[in-house]
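Okay, run-v6.cif is below, mmCIF, N, CA, C and O atoms:
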data_upload
#
loop_
_atom_site.label_atom_id
_atom_site.label_comp_id
_atom_site.auth_asym_id
_atom_site.auth_seq_id
_atom_site.Cartn_x
_atom_site.Cartn_y
_atom_site.Cartn_z
N MET A 1 80.23 142.00 145.40
CA MET A 1 80.82 143.33 145.34
C MET A 1 82.31 143.28 145.67
O MET A 1 83.09 144.01 145.09
N ARG A 2 82.68 142.41 146.60
CA ARG A 2 84.10 142.32 146.98
C ARG A 2 84.93 141.81 145.82
O ARG A 2 86.05 142.27 145.60
N ASP A 3 84.40 140.84 145.06
CA ASP A 3 85.14 140.31 143.92
C ASP A 3 85.33 141.39 142.86
O ASP A 3 86.40 141.48 142.25
N LEU A 4 84.32 142.19 142.63
CA LEU A 4 84.42 143.28 141.65
C LEU A 4 85.45 144.30 142.10
O LEU A 4 86.25 144.79 141.29
N ALA A 5 85.47 144.61 143.38
CA ALA A 5 86.45 145.56 143.91
C ALA A 5 87.87 144.99 143.79
O ALA A 5 88.82 145.71 143.43
N LEU A 6 88.03 143.71 144.05
CA LEU A 6 89.34 143.07 143.92
C LEU A 6 89.81 143.07 142.48
O LEU A 6 90.97 143.39 142.20
N VAL A 7 88.94 142.75 141.56
CA VAL A 7 89.28 142.75 140.13
C VAL A 7 89.66 144.17 139.69
O VAL A 7 90.65 144.36 138.97
N ALA A 8 88.91 145.17 140.13
CA ALA A 8 89.20 146.55 139.77
C ALA A 8 90.56 146.98 140.35
O ALA A 8 91.35 147.66 139.66
N TYR A 9 90.83 146.58 141.59
CA TYR A 9 92.10 146.92 142.21
C TYR A 9 93.27 146.29 141.44
O TYR A 9 94.26 146.94 141.14
N ILE A 10 93.15 145.01 141.13
CA ILE A 10 94.21 144.31 140.40
C ILE A 10 94.39 144.94 139.02
O ILE A 10 95.52 145.15 138.56
N TRP A 11 93.31 145.26 138.35
CA TRP A 11 93.39 145.85 137.01
C TRP A 11 94.10 147.20 137.06
O TRP A 11 95.02 147.47 136.28
N GLN A 12 93.73 148.07 138.00
CA GLN A 12 94.35 149.40 138.06
C GLN A 12 95.80 149.30 138.49
O GLN A 12 96.65 150.04 138.04
N ARG A 13 96.11 148.34 139.37
CA ARG A 13 97.49 148.18 139.82
C ARG A 13 98.38 147.67 138.67
O ARG A 13 99.50 148.14 138.49
N THR A 14 97.86 146.75 137.89
CA THR A 14 98.60 146.23 136.74
C THR A 14 98.80 147.32 135.69
O THR A 14 99.89 147.46 135.13
N ALA A 15 97.77 148.10 135.43
CA ALA A 15 97.88 149.19 134.46
C ALA A 15 98.88 150.24 134.94
O ALA A 15 99.69 150.73 134.14
N ARG A 16 98.83 150.58 136.21
CA ARG A 16 99.77 151.57 136.76
C ARG A 16 101.21 151.07 136.64
O ARG A 16 102.11 151.82 136.28
N LYS A 17 101.44 149.79 136.94
CA LYS A 17 102.78 149.21 136.84
C LYS A 17 103.29 149.22 135.41
O LYS A 17 104.44 149.54 135.15
N ALA A 18 102.42 148.88 134.45
CA ALA A 18 102.82 148.87 133.05
C ALA A 18 103.19 150.28 132.58
O ALA A 18 104.19 150.47 131.88
N ILE A 19 102.42 151.26 132.96
CA ILE A 19 102.71 152.65 132.57
C ILE A 19 103.99 153.14 133.24
O ILE A 19 104.83 153.78 132.61
N THR A 20 104.16 152.81 134.50
CA THR A 20 105.36 153.23 135.22
C THR A 20 106.61 152.60 134.60
O THR A 20 107.63 153.27 134.45
N ASP A 21 106.54 151.34 134.21
CA ASP A 21 107.69 150.68 133.59
C ASP A 21 108.03 151.31 132.24
O ASP A 21 109.20 151.35 131.86
N ARG A 22 107.05 151.79 131.51
CA ARG A 22 107.32 152.45 130.23
C ARG A 22 107.96 153.81 130.43
O ARG A 22 108.82 154.22 129.66
N ILE A 23 107.52 154.53 131.43
CA ILE A 23 108.02 155.88 131.66
C ILE A 23 109.41 155.86 132.28
O ILE A 23 110.31 156.57 131.86
N ILE A 24 109.59 155.04 133.30
CA ILE A 24 110.86 154.97 134.02
C ILE A 24 111.68 153.84 133.42
O ILE A 24 111.38 152.67 133.60
N LYS A 25 112.74 154.20 132.69
CA LYS A 25 113.60 153.22 132.05
C LYS A 25 114.64 152.72 133.06
O LYS A 25 115.10 153.45 133.92
N ASP A 26 115.00 151.48 132.89
CA ASP A 26 116.04 150.90 133.74
C ASP A 26 117.39 151.24 133.13
O ASP A 26 117.68 150.88 132.00
N GLU A 27 118.21 151.96 133.86
CA GLU A 27 119.51 152.41 133.35
C GLU A 27 120.66 151.74 134.09
O GLU A 27 121.77 152.28 134.12
N SER A 28 120.43 150.58 134.64
CA SER A 28 121.52 149.90 135.33
C SER A 28 122.55 149.43 134.31
O SER A 28 122.22 148.94 133.24
N GLY A 29 123.81 149.62 134.63
CA GLY A 29 124.88 149.25 133.73
C GLY A 29 125.34 150.36 132.82
O GLY A 29 126.35 150.24 132.14
N GLU A 30 124.61 151.46 132.77
CA GLU A 30 124.99 152.57 131.89
C GLU A 30 126.31 153.20 132.30
O GLU A 30 127.10 153.61 131.47
N GLY A 31 126.55 153.29 133.60
CA GLY A 31 127.79 153.90 134.07
C GLY A 31 129.01 153.09 133.69
O GLY A 31 130.05 153.64 133.32
N VAL A 32 128.88 151.78 133.73
CA VAL A 32 130.00 150.90 133.38
C VAL A 32 130.32 151.03 131.90
O VAL A 32 131.48 151.13 131.50
N ILE A 33 129.29 151.06 131.08
CA ILE A 33 129.49 151.19 129.63
C ILE A 33 130.10 152.54 129.30
O ILE A 33 131.04 152.64 128.50
N SER A 34 129.61 153.59 129.92
CA SER A 34 130.16 154.93 129.67
C SER A 34 131.62 155.01 130.10
O SER A 34 132.44 155.62 129.41
N ALA A 35 131.95 154.41 131.22
CA ALA A 35 133.33 154.41 131.69
C ALA A 35 134.24 153.65 130.73
O ALA A 35 135.35 154.09 130.44
N ALA A 36 133.76 152.54 130.21
CA ALA A 36 134.55 151.76 129.26
C ALA A 36 134.79 152.55 127.98
O ALA A 36 135.90 152.53 127.43
N ILE A 37 133.79 153.24 127.50
CA ILE A 37 133.94 154.06 126.30
C ILE A 37 134.93 155.19 126.56
O ILE A 37 135.79 155.48 125.71
N ALA A 38 134.85 155.81 127.72
CA ALA A 38 135.78 156.89 128.05
C ALA A 38 137.21 156.38 128.11
O ALA A 38 138.14 157.04 127.64
N VAL A 39 137.41 155.18 128.67
CA VAL A 39 138.76 154.60 128.74
C VAL A 39 139.29 154.32 127.35
O VAL A 39 140.46 154.61 127.05
N LEU A 40 138.46 153.79 126.46
CA LEU A 40 138.90 153.53 125.09
C LEU A 40 139.25 154.81 124.35
O LEU A 40 140.26 154.88 123.64
N VAL A 41 138.44 155.84 124.52
CA VAL A 41 138.73 157.12 123.86
C VAL A 41 140.05 157.68 124.37
O VAL A 41 140.89 158.14 123.57
N MET A 42 140.27 157.64 125.67
CA MET A 42 141.52 158.15 126.22
C MET A 42 142.71 157.33 125.74
O MET A 42 143.79 157.88 125.48
N ALA A 43 142.55 156.03 125.60
CA ALA A 43 143.64 155.19 125.10
C ALA A 43 143.99 155.55 123.67
O ALA A 43 145.18 155.68 123.32
N PHE A 44 142.98 155.75 122.82
CA PHE A 44 143.25 156.12 121.43
C PHE A 44 143.90 157.50 121.35
O PHE A 44 144.81 157.72 120.54
N LEU A 45 143.45 158.42 122.18
CA LEU A 45 144.08 159.75 122.20
C LEU A 45 145.54 159.65 122.65
O LEU A 45 146.41 160.34 122.10
N GLY A 46 145.81 158.83 123.64
CA GLY A 46 147.18 158.65 124.11
C GLY A 46 148.08 158.07 123.03
O GLY A 46 149.21 158.53 122.83
N VAL A 47 147.59 157.09 122.29
CA VAL A 47 148.37 156.50 121.20
C VAL A 47 148.63 157.54 120.12
O VAL A 47 149.75 157.67 119.61
N ALA A 48 147.60 158.31 119.75
CA ALA A 48 147.76 159.34 118.72
C ALA A 48 148.77 160.40 119.16
O ALA A 48 149.63 160.81 118.37
N MET A 49 148.69 160.82 120.41
CA MET A 49 149.63 161.82 120.91
C MET A 49 151.06 161.27 120.92
O MET A 49 152.01 161.98 120.57
N TRP A 50 151.22 160.01 121.30
CA TRP A 50 152.56 159.42 121.32
C TRP A 50 153.13 159.35 119.90
O TRP A 50 154.31 159.66 119.68
N LEU A 51 152.32 158.94 118.93
CA LEU A 51 152.80 158.86 117.55
C LEU A 51 153.20 160.24 117.02
O LEU A 51 154.23 160.38 116.36
N LEU A 52 152.39 161.26 117.31
CA LEU A 52 152.73 162.61 116.89
C LEU A 52 154.00 163.11 117.58
O LEU A 52 154.86 163.75 116.95
N PHE A 53 154.14 162.83 118.84
CA PHE A 53 155.32 163.25 119.60
C PHE A 53 156.58 162.57 119.05
O PHE A 53 157.62 163.21 118.84
N ARG A 54 156.47 161.28 118.77
CA ARG A 54 157.61 160.54 118.22
C ARG A 54 158.00 161.06 116.84
O ARG A 54 159.19 161.22 116.54
N ALA A 55 157.01 161.37 116.00
CA ALA A 55 157.30 161.91 114.67
C ALA A 55 157.97 163.28 114.79
O ALA A 55 158.91 163.59 114.05
N THR A 56 157.52 164.10 115.71
CA THR A 56 158.12 165.41 115.92
C THR A 56 159.57 165.27 116.38
O THR A 56 160.46 165.99 115.90
N LEU A 57 159.83 164.35 117.29
CA LEU A 57 161.20 164.14 117.75
C LEU A 57 162.10 163.62 116.63
O LEU A 57 163.27 164.01 116.54
N GLU A 58 161.58 162.75 115.78
CA GLU A 58 162.38 162.24 114.67
C GLU A 58 162.74 163.37 113.69
O GLU A 58 163.87 163.45 113.21
N LYS A 59 161.76 164.24 113.39
CA LYS A 59 162.03 165.37 112.50
C LYS A 59 163.05 166.31 113.12
O LYS A 59 163.97 166.79 112.44
N SER A 60 162.89 166.57 114.40
CA SER A 60 163.83 167.46 115.09
C SER A 60 165.23 166.85 115.10
O SER A 60 166.22 167.55 114.89
N ASN A 61 165.32 165.57 115.34
CA ASN A 61 166.60 164.88 115.36
C ASN A 61 167.27 164.97 113.99
O ASN A 61 168.48 165.21 113.89
N THR A 62 166.51 164.79 112.93
CA THR A 62 167.06 164.89 111.58
C THR A 62 167.57 166.29 111.31
O THR A 62 168.68 166.46 110.77
N LYS A 63 166.80 167.31 111.69
CA LYS A 63 167.23 168.69 111.47
C LYS A 63 168.48 169.03 112.28
O LYS A 63 169.40 169.69 111.78
N VAL A 64 168.54 168.56 113.51
CA VAL A 64 169.71 168.82 114.36
C VAL A 64 170.94 168.14 113.76
O VAL A 64 172.03 168.74 113.69
N ASN A 65 170.80 166.91 113.33
CA ASN A 65 171.93 166.21 112.73
C ASN A 65 172.40 166.90 111.45
O ASN A 65 173.61 166.98 111.19
N THR A 66 171.47 167.42 110.66
CA THR A 66 171.83 168.16 109.44
C THR A 66 172.62 169.42 109.79
O THR A 66 173.64 169.72 109.16
N GLN A 67 172.17 170.13 110.79
CA GLN A 67 172.85 171.36 111.22
C GLN A 67 174.25 171.04 111.76
O GLN A 67 175.23 171.77 111.49
N ILE A 68 174.37 169.97 112.51
CA ILE A 68 175.67 169.58 113.06
C ILE A 68 176.62 169.20 111.94
O ILE A 68 177.81 169.55 111.94
N ASP A 69 176.13 168.47 110.94
CA ASP A 69 176.97 168.08 109.80
C ASP A 69 177.43 169.30 109.02
O ASP A 69 178.56 169.34 108.52
N GLN A 70 176.59 170.34 108.93
CA GLN A 70 176.99 171.56 108.22
C GLN A 70 178.06 172.32 109.00
O GLN A 70 178.94 172.93 108.41
N ILE A 71 178.01 172.27 110.30
CA ILE A 71 178.99 172.97 111.13
C ILE A 71 180.35 172.30 111.01
O ILE A 71 181.39 172.96 110.95
N GLN A 72 180.40 170.98 110.95
CA GLN A 72 181.69 170.25 110.92
C GLN A 72 182.25 170.32 109.58
O GLN A 72 182.69 170.44 108.73
#
Whole structure given in structure tokens:
Amino acid sequence: MRDLALVAYIWQRTARKAITDRIIKDESGEGVISAAIAVLVMAFLGVAMWLLFRATLEKSNTKVNTQIDQIQ
């Protein structure tokens, strides 16, 4: 009877562990990956904003120089 009880205990414990592992996913490392993605997105946004800002300044500079040339 003791052997049967031990086998039943081991079987139910193994089954419980297998079900628990399926339900509860291991999410270790997710924060690092998310942070890396956020840093990359912010870097691309920064580059895009700088390019747009530089283009705006170049257009403004051209218009100002044109206006100055018309005044002289």
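For the atom pair formed by atom O of Ala36 (chain A) and CA of Ala48 (chain A), the distance is 16.2 Å, given to one decimal.
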Hey, can you check how far CA of Val47 (chain A) sits from CA of Asn65 (chain A)?
26.9 Å
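Here atom O of Ile68 (chain A) and atom C of Leu51 (chain A) stand 26.8 Å from one another.
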